[in-house]
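Okay, structure first, notes after.
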Amino acid sequence: MSAAAPERRTSGRPFVVGLTGGIGSGKSTVADLFAARGATVVDTDAIAHELTAAGGAAIDAIRARFGEAVLHADGSLDRDAMRARAFDDPRAREALEAILHPMIRAESERRIAAASGPYAIHVVPLLVESAGRSGRFDRVLVVDCPVPVQIARVRQRSGLSVERIETILAAQASREARLAAADDVIDNGGAADALDAQVEALHRRYAAAR
């Protein structure tokens with residue numbers, strides 16, 4: 001699916017594509033295919049990992065709010081412990097987001113402003129769920145696949161139970177909501193080699209719009 005062609009930009013700001021999709025949809029694989037074509041990829045998950053690594057900029061605030069129980073011995077965030085706590089306690093999730101989201105957004109904006117590629121792919125897993133997304137993206141690209149495929153992929157890579165995966169899915173926007181927000185859609189419900197032609201077609205359109 002694709003809406004009207006993107007307009008050519010005349011300002012100095014990079015052309016920004018917000019890439020999103022549910023857990024297990026294949027966002028990282030699609031982002032890598034765009035990167036291989038020269039796009040600048042700014043991945044909010046990667047930035048979050050940097051912020052929560054040992055000595056990361058968010059660690060002191062996380063320690064002050066949640067204590068040592070959510071940290072590894074080396075001082076990095078224990079993501080499994082924090083994930084379990086956040087999903088069980090909405091207030092904990094909100095507190096973590098209040099720490100991380102402003103830092104992630106500031107670093108994302110810095111990297112987008114410095115983009116050297118023909119356009120920027122901004123990978124935001126919770127783009128549809130996020131407030132204040134208006135005006136941040138020139139296009140919204142959704143990587144889509146059926147929910148049973150998502151569950152199977154996440155189980156294979158992580159070993160999480162179906163119940164835990166379903167809890168994660170329930171906390172995310174529905175497939176229908178993401179598709180409703182999309183300007184462009186990549187179908188990743190089949191084999192990985194079916195992605196390349198879809199990415200190539202969108203790459204050409206995005207590069208022409210810069």
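In the structure tokens, chains take letters A, B, ... by order of appearance, with residues numbered from 1 within each chain and ligands from 1 in the order shown.
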DSSP-assigned strand (DSSP E) members of stretch 28-187 of chain A, reported as a list in words: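 Selection result, strand (DSSP E) within stretch 28-187 of chain A: Thr40, Val41, Val42, Asp43, Ala120, Ile121, His122, Val123, Arg139, Val140, Leu141, Val142, Val143, Asp144, Asp184, Val185, Ile186 and Asp187 of chain A.
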Using only C-alpha atoms, tabulate the residues of stretch 22-73 of chain A lying at most 8 Å from any atom of stretch 121-132 of chain A, each with its closest atom pair and that distance in Å to one decimal, by chain and increasing residue number, as a tab-separated table.
```
residue	atom	partner	partner_atom	distance
A:Gly22	CA	A:Pro125	CA	6.8
A:Ile23	CA	A:Pro125	CA	7.8
A:Lys27	CA	A:Val123	CA	7.5
A:Ala31	CA	A:Ile121	CA	7.1
A:Phe34	CA	A:Ile121	CA	7.7
A:Ala39	CA	A:Ile121	CA	6.7
A:Thr40	CA	A:Ile121	CA	6.1
A:Val41	CA	A:Ile121	CA	4.7
A:Val42	CA	A:His122	CA	4.8
A:Asp43	CA	A:Val123	CA	4.6
A:Thr44	CA	A:Val124	CA	5.8
A:Asp45	CA	A:Val124	CA	7.6
```
All alpha helix (DSSP H) positions in stretch 48-209 of chain A, as a PyMOL selection string: chain A and resi 48-51+59-66+79-88+90-113+147-158+162-171+175-181+195-208
Residue nearest A:Glu166 among A:Pro90, A:Gly55, A:Gly75, A:Gly24 (counting only C-alpha atoms):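 Using only C-alpha atoms, A:Glu166 sits closest to A:Gly24.
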Long-range neighbours of A:Ile59 as a ChimeraX atom specification, 12 Å cut-off, only C-alpha atoms, 2 positions minimum in chain: /A:48-57,61-68,70-72,74-78,96,99-100,103
Among the residues A:Arg83, A:Asp144, A:Tyr119, A:Arg155, the one that comes closest to A:Ala182 [using only C-alpha atoms]: A:Asp144
Selected residue, from A:Gln156, A:Asn188, A:Ser116, A:Ser25, that lies nearest to A:Arg13 when counting only C-alpha atoms: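 Distance minimum relative to A:Arg13 lands on A:Ser116.
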For stretch 35-38 of chain A: contacts at 6 Å, only C-alpha atoms, fewer than 2 positions along chain excluded, given as a PyMOL selection string: chain A and resi 32-33+117
Contact residues around A:Ala84 with only C-alpha atoms at 12 Å, ignoring same-chain residues under 6 positions, as number ranges by chain: A: 69-70, 78, 90, 92-93, 160, 164-165, 167-168
Among listed residues A:Gly26, A:Pro14, A:Pro102, A:Pro118, nearest A:His203 (using only C-alpha atoms): A:Pro118
